[in-house]
>>> print(open('data_33.txt').read())   # compact mmCIF, N, CA and C atoms and all ligand atoms
# COMPACT_ATOMS: atom_id res chain seq x y z
N MET A 1 -19.12 7.20 20.85
CA MET A 1 -17.81 7.49 20.27
C MET A 1 -17.11 6.17 19.96
N PRO A 2 -16.59 6.03 18.74
CA PRO A 2 -15.89 4.78 18.43
C PRO A 2 -14.64 4.61 19.27
N SER A 3 -14.34 3.40 19.62
CA SER A 3 -13.09 3.12 20.32
C SER A 3 -12.60 1.74 19.89
N LYS A 4 -11.31 1.56 20.06
CA LYS A 4 -10.73 0.30 19.63
C LYS A 4 -9.51 0.02 20.50
N THR A 5 -9.32 -1.23 20.86
CA THR A 5 -8.12 -1.64 21.56
C THR A 5 -7.38 -2.62 20.67
N VAL A 6 -6.12 -2.31 20.42
CA VAL A 6 -5.33 -3.20 19.57
C VAL A 6 -4.07 -3.62 20.30
N SER A 7 -3.55 -4.72 19.87
CA SER A 7 -2.30 -5.23 20.40
C SER A 7 -1.16 -4.70 19.52
N VAL A 8 -0.16 -4.11 20.17
CA VAL A 8 0.99 -3.57 19.43
C VAL A 8 2.26 -4.23 20.00
N PRO A 9 2.70 -5.31 19.37
CA PRO A 9 3.79 -6.11 19.95
C PRO A 9 5.11 -5.36 20.08
N THR A 10 5.31 -4.28 19.32
CA THR A 10 6.60 -3.59 19.37
C THR A 10 6.72 -2.63 20.56
N ILE A 11 5.67 -2.49 21.37
CA ILE A 11 5.79 -1.68 22.59
C ILE A 11 6.69 -2.42 23.56
N SER A 12 7.75 -1.74 24.01
CA SER A 12 8.66 -2.42 24.95
C SER A 12 8.91 -1.64 26.23
N CYS A 13 8.59 -0.36 26.25
CA CYS A 13 8.91 0.42 27.45
C CYS A 13 8.04 1.67 27.51
N LYS A 14 8.23 2.45 28.56
CA LYS A 14 7.42 3.65 28.75
C LYS A 14 7.69 4.68 27.66
N HIS A 15 8.88 4.62 27.08
CA HIS A 15 9.17 5.55 26.00
C HIS A 15 8.28 5.28 24.79
N CYS A 16 8.07 4.02 24.49
CA CYS A 16 7.16 3.64 23.40
C CYS A 16 5.75 4.18 23.69
N VAL A 17 5.33 4.00 24.94
CA VAL A 17 4.00 4.45 25.35
C VAL A 17 3.86 5.96 25.13
N ARG A 18 4.88 6.69 25.56
CA ARG A 18 4.84 8.15 25.39
C ARG A 18 4.82 8.55 23.93
N THR A 19 5.63 7.87 23.12
CA THR A 19 5.68 8.18 21.69
C THR A 19 4.31 7.96 21.06
N ILE A 20 3.72 6.83 21.34
CA ILE A 20 2.42 6.50 20.76
C ILE A 20 1.39 7.53 21.20
N GLN A 21 1.37 7.81 22.49
CA GLN A 21 0.34 8.74 22.99
C GLN A 21 0.51 10.12 22.38
N SER A 22 1.75 10.61 22.30
CA SER A 22 1.92 11.97 21.79
C SER A 22 1.65 12.05 20.29
N GLU A 23 1.97 10.99 19.54
CA GLU A 23 1.73 11.02 18.09
C GLU A 23 0.25 10.87 17.76
N ILE A 24 -0.42 9.96 18.43
CA ILE A 24 -1.81 9.69 18.08
C ILE A 24 -2.74 10.82 18.52
N VAL A 25 -2.42 11.43 19.65
CA VAL A 25 -3.28 12.49 20.16
C VAL A 25 -3.23 13.73 19.24
N GLU A 26 -2.17 13.80 18.40
CA GLU A 26 -2.06 14.89 17.43
C GLU A 26 -3.12 14.82 16.33
N ILE A 27 -3.68 13.63 16.12
CA ILE A 27 -4.67 13.47 15.06
C ILE A 27 -5.96 14.16 15.49
N GLU A 28 -6.46 15.04 14.65
CA GLU A 28 -7.65 15.79 15.00
C GLU A 28 -8.84 14.84 15.15
N GLY A 29 -9.50 14.93 16.28
CA GLY A 29 -10.66 14.08 16.54
C GLY A 29 -10.36 12.98 17.55
N VAL A 30 -9.08 12.69 17.77
CA VAL A 30 -8.73 11.66 18.76
C VAL A 30 -8.96 12.23 20.16
N ARG A 31 -9.73 11.51 20.96
CA ARG A 31 -10.11 12.00 22.29
C ARG A 31 -9.32 11.34 23.40
N ARG A 32 -8.86 10.14 23.17
CA ARG A 32 -8.16 9.44 24.23
C ARG A 32 -7.23 8.39 23.64
N VAL A 33 -6.04 8.34 24.18
CA VAL A 33 -5.08 7.30 23.78
C VAL A 33 -4.50 6.75 25.06
N GLN A 34 -4.58 5.46 25.22
CA GLN A 34 -4.00 4.85 26.39
C GLN A 34 -3.18 3.64 25.95
N ALA A 35 -1.89 3.74 26.14
CA ALA A 35 -1.01 2.63 25.76
C ALA A 35 -0.44 2.03 27.04
N ASP A 36 -0.14 0.75 26.99
CA ASP A 36 0.35 0.05 28.17
C ASP A 36 1.51 -0.85 27.78
N GLU A 37 2.65 -0.64 28.44
CA GLU A 37 3.84 -1.42 28.07
C GLU A 37 3.82 -2.83 28.66
N GLN A 38 2.95 -3.07 29.63
CA GLN A 38 2.85 -4.42 30.21
C GLN A 38 2.05 -5.35 29.29
N THR A 39 0.92 -4.85 28.82
CA THR A 39 0.05 -5.68 28.00
C THR A 39 0.31 -5.49 26.51
N CYS A 40 1.10 -4.46 26.14
CA CYS A 40 1.34 -4.12 24.73
C CYS A 40 0.03 -3.81 24.00
N GLN A 41 -0.88 -3.18 24.73
CA GLN A 41 -2.14 -2.83 24.10
C GLN A 41 -2.32 -1.32 24.05
N VAL A 42 -3.02 -0.88 23.03
CA VAL A 42 -3.31 0.54 22.85
C VAL A 42 -4.81 0.71 22.69
N LEU A 43 -5.38 1.57 23.52
CA LEU A 43 -6.79 1.91 23.43
C LEU A 43 -6.89 3.32 22.84
N VAL A 44 -7.73 3.46 21.85
CA VAL A 44 -7.94 4.77 21.24
C VAL A 44 -9.44 5.05 21.18
N GLU A 45 -9.83 6.26 21.54
CA GLU A 45 -11.20 6.73 21.36
C GLU A 45 -11.14 7.93 20.45
N TRP A 46 -12.04 7.97 19.49
CA TRP A 46 -11.97 9.09 18.53
C TRP A 46 -13.35 9.44 18.05
N GLU A 47 -13.43 10.61 17.40
CA GLU A 47 -14.65 11.01 16.71
C GLU A 47 -14.23 11.75 15.45
N ALA A 48 -15.19 12.11 14.61
CA ALA A 48 -14.88 12.79 13.36
C ALA A 48 -14.08 14.06 13.66
N PRO A 49 -13.14 14.41 12.80
CA PRO A 49 -12.84 13.82 11.49
C PRO A 49 -11.86 12.64 11.54
N ALA A 50 -11.45 12.21 12.70
CA ALA A 50 -10.51 11.08 12.74
C ALA A 50 -11.21 9.80 12.28
N THR A 51 -10.43 8.91 11.70
CA THR A 51 -10.94 7.60 11.32
C THR A 51 -9.95 6.55 11.82
N TRP A 52 -10.44 5.34 11.99
CA TRP A 52 -9.53 4.28 12.43
C TRP A 52 -8.40 4.06 11.42
N GLU A 53 -8.75 4.16 10.12
CA GLU A 53 -7.75 3.95 9.07
C GLU A 53 -6.58 4.92 9.25
N GLN A 54 -6.93 6.16 9.62
CA GLN A 54 -5.93 7.19 9.80
C GLN A 54 -5.06 6.89 11.04
N ILE A 55 -5.70 6.46 12.10
CA ILE A 55 -4.99 6.14 13.35
C ILE A 55 -4.06 4.95 13.10
N GLU A 56 -4.57 3.95 12.42
CA GLU A 56 -3.77 2.77 12.13
C GLU A 56 -2.58 3.12 11.23
N ALA A 57 -2.82 3.99 10.25
CA ALA A 57 -1.74 4.40 9.35
C ALA A 57 -0.64 5.12 10.13
N LYS A 58 -1.03 5.91 11.10
CA LYS A 58 -0.04 6.63 11.92
C LYS A 58 0.76 5.65 12.77
N LEU A 59 0.09 4.67 13.34
CA LEU A 59 0.80 3.66 14.14
C LEU A 59 1.83 2.92 13.29
N ILE A 60 1.45 2.62 12.08
CA ILE A 60 2.38 1.92 11.17
C ILE A 60 3.55 2.85 10.83
N GLU A 61 3.23 4.10 10.57
CA GLU A 61 4.25 5.08 10.20
C GLU A 61 5.30 5.24 11.31
N ILE A 62 4.89 5.22 12.56
CA ILE A 62 5.83 5.42 13.66
C ILE A 62 6.39 4.09 14.19
N ASN A 63 6.20 3.04 13.40
CA ASN A 63 6.77 1.72 13.72
C ASN A 63 6.14 1.02 14.92
N TYR A 64 4.85 1.29 15.13
CA TYR A 64 4.10 0.53 16.13
C TYR A 64 2.86 -0.05 15.47
N PRO A 65 3.06 -0.91 14.48
CA PRO A 65 1.89 -1.45 13.76
C PRO A 65 1.07 -2.37 14.65
N PRO A 66 -0.25 -2.22 14.63
CA PRO A 66 -1.10 -3.12 15.39
C PRO A 66 -1.02 -4.53 14.80
N ALA A 67 -1.02 -5.51 15.69
CA ALA A 67 -1.10 -6.89 15.23
C ALA A 67 -2.48 -7.11 14.62
N GLN A 68 -2.54 -7.92 13.60
CA GLN A 68 -3.84 -8.22 13.02
C GLN A 68 -4.64 -9.04 14.02
N PRO A 69 -5.90 -8.67 14.21
CA PRO A 69 -6.71 -9.43 15.17
C PRO A 69 -6.89 -10.87 14.71
N ASN A 70 -7.00 -11.75 15.67
CA ASN A 70 -7.27 -13.15 15.33
C ASN A 70 -8.66 -13.24 14.73
N VAL A 71 -8.71 -13.80 13.56
CA VAL A 71 -10.00 -13.91 12.88
C VAL A 71 -10.84 -14.97 13.58
N SER A 72 -10.19 -16.01 13.98
CA SER A 72 -10.93 -17.08 14.63
C SER A 72 -10.32 -17.39 15.99
N LEU A 73 -11.12 -17.33 17.00
CA LEU A 73 -10.66 -17.68 18.34
C LEU A 73 -11.26 -19.01 18.78
N ALA A 74 -11.95 -19.64 17.85
CA ALA A 74 -12.65 -20.88 18.18
C ALA A 74 -11.68 -22.01 18.49
CU CU B 1 10.16 1.69 24.23
>>> encode(input="data_33.txt", output="structure tokens")
Amino acid sequence: MPSKTVSVPTISCKHCVRTIQSEIVEIEGVRRVQADEQTCQVLVEWEAPATWEQIEAKLIEINYPPAQPNVSLA
């Protein structure tokens, strides 16, 4: 099952965590959403028909856009 952990800098409290979890879990195919207000990270596990593009679009729509991953960590 595909999964992804992204950094969402706009997470500031447990309310943000609840909002993200309740909105993302609504997407058909999403199996797990775990958001953390300490690390500002969101873990999502999904399967068809959900796609990462769809999950990311929802995060952007609800004002929790994922930070772009660092292309180079070297
Ligand atoms: Cu909040």
>>> residues_near_point(input="data_33.txt", point="(0.2, -4.1, 12.4)", cutoff="8 Å", atoms="all atoms listed in the file", output="ChimeraX atom specification")
/A:7-9,56,59-60,64-69
>>> write_last_selection(input="data_33.txt", atoms="N, CA and C atoms", output="PDB file, in the coordinates of the input")
ATOM      1  N   SER A   7      -3.550  -4.720  19.870  1.00  0.00           N
ATOM      2  CA  SER A   7      -2.300  -5.230  20.400  1.00  0.00           C
ATOM      3  C   SER A   7      -1.160  -4.700  19.520  1.00  0.00           C
ATOM      4  N   VAL A   8      -0.160  -4.110  20.170  1.00  0.00           N
ATOM      5  CA  VAL A   8       0.990  -3.570  19.430  1.00  0.00           C
ATOM      6  C   VAL A   8       2.260  -4.230  20.000  1.00  0.00           C
ATOM      7  N   PRO A   9       2.700  -5.310  19.370  1.00  0.00           N
ATOM      8  CA  PRO A   9       3.790  -6.110  19.950  1.00  0.00           C
ATOM      9  C   PRO A   9       5.110  -5.360  20.080  1.00  0.00           C
ATOM     10  N   GLU A  56      -4.570   3.950  12.420  1.00  0.00           N
ATOM     11  CA  GLU A  56      -3.770   2.770  12.130  1.00  0.00           C
ATOM     12  C   GLU A  56      -2.580   3.120  11.230  1.00  0.00           C
ATOM     13  N   LEU A  59       0.090   4.670  13.340  1.00  0.00           N
ATOM     14  CA  LEU A  59       0.800   3.660  14.140  1.00  0.00           C
ATOM     15  C   LEU A  59       1.830   2.920  13.290  1.00  0.00           C
ATOM     16  N   ILE A  60       1.450   2.620  12.080  1.00  0.00           N
ATOM     17  CA  ILE A  60       2.380   1.920  11.170  1.00  0.00           C
ATOM     18  C   ILE A  60       3.550   2.850  10.830  1.00  0.00           C
ATOM     19  N   TYR A  64       4.850   1.290  15.130  1.00  0.00           N
ATOM     20  CA  TYR A  64       4.100   0.530  16.130  1.00  0.00           C
ATOM     21  C   TYR A  64       2.860  -0.050  15.470  1.00  0.00           C
ATOM     22  N   PRO A  65       3.060  -0.910  14.480  1.00  0.00           N
ATOM     23  CA  PRO A  65       1.890  -1.450  13.760  1.00  0.00           C
ATOM     24  C   PRO A  65       1.070  -2.370  14.650  1.00  0.00           C
ATOM     25  N   PRO A  66      -0.250  -2.220  14.630  1.00  0.00           N
ATOM     26  CA  PRO A  66      -1.100  -3.120  15.390  1.00  0.00           C
ATOM     27  C   PRO A  66      -1.020  -4.530  14.800  1.00  0.00           C
ATOM     28  N   ALA A  67      -1.020  -5.510  15.690  1.00  0.00           N
ATOM     29  CA  ALA A  67      -1.100  -6.890  15.230  1.00  0.00           C
ATOM     30  C   ALA A  67      -2.480  -7.110  14.620  1.00  0.00           C
ATOM     31  N   GLN A  68      -2.540  -7.920  13.600  1.00  0.00           N
ATOM     32  CA  GLN A  68      -3.840  -8.220  13.020  1.00  0.00           C
ATOM     33  C   GLN A  68      -4.640  -9.040  14.020  1.00  0.00           C
ATOM     34  N   PRO A  69      -5.900  -8.670  14.210  1.00  0.00           N
ATOM     35  CA  PRO A  69      -6.710  -9.430  15.170  1.00  0.00           C
ATOM     36  C   PRO A  69      -6.890 -10.870  14.710  1.00  0.00           C
TER      37      PRO A  69
END
>>> closest_residue(input="data_33.txt", among="A:Met1, A:Ser12, A:Ser22, A:Val6", to="Val42 (chain A)", atoms="all atoms listed in the file")
A:Val6
>>> residues_near_ligand(input="data_33.txt", ligand="ligand CU 1 (chain B)", cutoff="9 Å", atoms="only C-alpha atoms and all ligand atoms", output="VMD selection string")
chain A and resid 10 to 19 37
>>> select_by_dssp(input="data_33.txt", residues="chain A", states="strand (DSSP E or B)", output="list in words")
Ser3, Lys4, Thr5, Val6, Ser7, Val30, Arg31, Arg32, Val33, Gln34, Ala35, Asp36, Gln41, Val42, Leu43, Val44, Glu45 and Trp46 of chain A
>>> atom_distance(input="data_33.txt", atom1="atom N of Asn63 (chain A)", atom2="CA of Lys4 (chain A)")
18.2 Å
>>> atom_distance(input="data_33.txt", atom1="atom N of Gly29 (chain A)", atom2="CA of Gln41 (chain A)")
20.8 Å
>>> atom_distance(input="data_33.txt", atom1="CA of Pro49 (chain A)", atom2="atom N of Ile27 (chain A)")
10.3 Å
>>> decode(input="data_33.txt", residues="region 5-35 of chain A", atoms="N, CA, C and O atoms", output="CSV table (one decimal), in the first residue's frame")
chain,number,residue,atom,x,y,z
A,5,THR,N,4.8,10.5,4.0
A,5,THR,CA,4.9,11.4,5.1
A,5,THR,C,5.3,12.7,4.6
A,5,THR,O,6.4,12.8,3.9
A,6,VAL,N,4.5,13.7,4.8
A,6,VAL,CA,4.9,15.1,4.4
A,6,VAL,C,4.9,16.0,5.6
A,6,VAL,O,4.3,15.8,6.6
A,7,SER,N,5.7,17.1,5.4
A,7,SER,CA,5.8,18.1,6.4
A,7,SER,C,4.7,19.2,6.0
A,7,SER,O,4.6,19.6,4.9
A,8,VAL,N,3.9,19.5,7.0
A,8,VAL,CA,2.8,20.5,6.8
A,8,VAL,C,3.1,21.7,7.8
A,8,VAL,O,2.6,21.6,9.0
A,9,PRO,N,3.8,22.7,7.4
A,9,PRO,CA,4.2,23.7,8.4
A,9,PRO,C,3.0,24.5,9.0
A,9,PRO,O,3.2,25.1,10.1
A,10,THR,N,1.8,24.5,8.4
A,10,THR,CA,0.7,25.3,9.0
A,10,THR,C,0.0,24.5,10.1
A,10,THR,O,-0.9,25.1,10.7
A,11,ILE,N,0.4,23.3,10.4
A,11,ILE,CA,-0.2,22.6,11.6
A,11,ILE,C,0.3,23.3,12.9
A,11,ILE,O,1.5,23.5,13.1
A,12,SER,N,-0.6,23.8,13.7
A,12,SER,CA,-0.2,24.5,14.9
A,12,SER,C,-0.8,23.9,16.2
A,12,SER,O,-0.3,24.2,17.3
A,13,CYS,N,-1.8,23.1,16.1
A,13,CYS,CA,-2.5,22.6,17.3
A,13,CYS,C,-3.3,21.3,17.0
A,13,CYS,O,-3.4,20.9,15.9
A,14,LYS,N,-3.9,20.8,18.0
A,14,LYS,CA,-4.7,19.5,17.9
A,14,LYS,C,-5.9,19.7,17.0
A,14,LYS,O,-6.4,18.8,16.4
A,15,HIS,N,-6.4,21.0,16.9
A,15,HIS,CA,-7.5,21.2,16.1
A,15,HIS,C,-7.1,21.0,14.6
A,15,HIS,O,-7.9,20.4,13.8
A,16,CYS,N,-5.9,21.5,14.2
A,16,CYS,CA,-5.4,21.3,12.9
A,16,CYS,C,-5.3,19.8,12.6
A,16,CYS,O,-5.7,19.3,11.5
A,17,VAL,N,-4.8,19.0,13.5
A,17,VAL,CA,-4.6,17.6,13.4
A,17,VAL,C,-6.0,16.9,13.1
A,17,VAL,O,-6.2,16.1,12.2
A,18,ARG,N,-7.0,17.3,13.9
A,18,ARG,CA,-8.3,16.8,13.8
A,18,ARG,C,-8.9,17.1,12.4
A,18,ARG,O,-9.5,16.3,11.8
A,19,THR,N,-8.7,18.4,12.0
A,19,THR,CA,-9.3,18.8,10.7
A,19,THR,C,-8.7,18.0,9.6
A,19,THR,O,-9.4,17.5,8.7
A,20,ILE,N,-7.4,17.9,9.6
A,20,ILE,CA,-6.7,17.1,8.5
A,20,ILE,C,-7.1,15.7,8.5
A,20,ILE,O,-7.5,15.1,7.5
A,21,GLN,N,-7.2,15.1,9.7
A,21,GLN,CA,-7.6,13.6,9.8
A,21,GLN,C,-9.0,13.4,9.3
A,21,GLN,O,-9.2,12.5,8.5
A,22,SER,N,-9.9,14.3,9.7
A,22,SER,CA,-11.3,14.1,9.3
A,22,SER,C,-11.5,14.4,7.8
A,22,SER,O,-12.3,13.7,7.1
A,23,GLU,N,-10.8,15.3,7.2
A,23,GLU,CA,-11.0,15.7,5.8
A,23,GLU,C,-10.3,14.6,4.9
A,23,GLU,O,-10.9,14.2,3.9
A,24,ILE,N,-9.1,14.2,5.3
A,24,ILE,CA,-8.4,13.3,4.4
A,24,ILE,C,-9.0,11.9,4.4
A,24,ILE,O,-9.1,11.2,3.4
A,25,VAL,N,-9.5,11.5,5.6
A,25,VAL,CA,-10.1,10.1,5.7
A,25,VAL,C,-11.4,10.0,4.9
A,25,VAL,O,-11.8,8.9,4.5
A,26,GLU,N,-12.0,11.1,4.5
A,26,GLU,CA,-13.2,11.1,3.7
A,26,GLU,C,-12.9,10.7,2.2
A,26,GLU,O,-13.8,10.3,1.5
A,27,ILE,N,-11.6,10.8,1.8
A,27,ILE,CA,-11.3,10.4,0.5
A,27,ILE,C,-11.3,8.9,0.3
A,27,ILE,O,-10.7,8.2,1.1
A,28,GLU,N,-12.1,8.4,-0.6
A,28,GLU,CA,-12.3,7.0,-0.8
A,28,GLU,C,-10.9,6.3,-1.1
A,28,GLU,O,-10.2,6.7,-2.1
A,29,GLY,N,-10.6,5.3,-0.4
A,29,GLY,CA,-9.3,4.6,-0.6
A,29,GLY,C,-8.3,5.0,0.5
A,29,GLY,O,-7.3,4.2,0.6
A,30,VAL,N,-8.4,6.1,1.2
A,30,VAL,CA,-7.5,6.4,2.2
A,30,VAL,C,-7.7,5.5,3.4
A,30,VAL,O,-8.8,5.3,3.9
A,31,ARG,N,-6.6,4.8,3.9
A,31,ARG,CA,-6.7,3.8,4.9
A,31,ARG,C,-6.2,4.4,6.3
A,31,ARG,O,-6.6,3.9,7.3
A,32,ARG,N,-5.3,5.3,6.2
A,32,ARG,CA,-4.8,5.8,7.5
A,32,ARG,C,-4.3,7.2,7.3
A,32,ARG,O,-3.6,7.5,6.3
A,33,VAL,N,-4.6,8.0,8.3
A,33,VAL,CA,-4.1,9.4,8.3
A,33,VAL,C,-3.6,9.7,9.7
A,33,VAL,O,-4.3,9.5,10.7
A,34,GLN,N,-2.3,10.1,9.8
A,34,GLN,CA,-1.8,10.4,11.1
A,34,GLN,C,-1.1,11.7,11.1
A,34,GLN,O,-0.1,11.9,10.4
A,35,ALA,N,-1.6,12.7,11.8
A,35,ALA,CA,-1.0,14.0,11.8
A,35,ALA,C,-0.5,14.3,13.2
A,35,ALA,O,-1.0,13.7,14.2
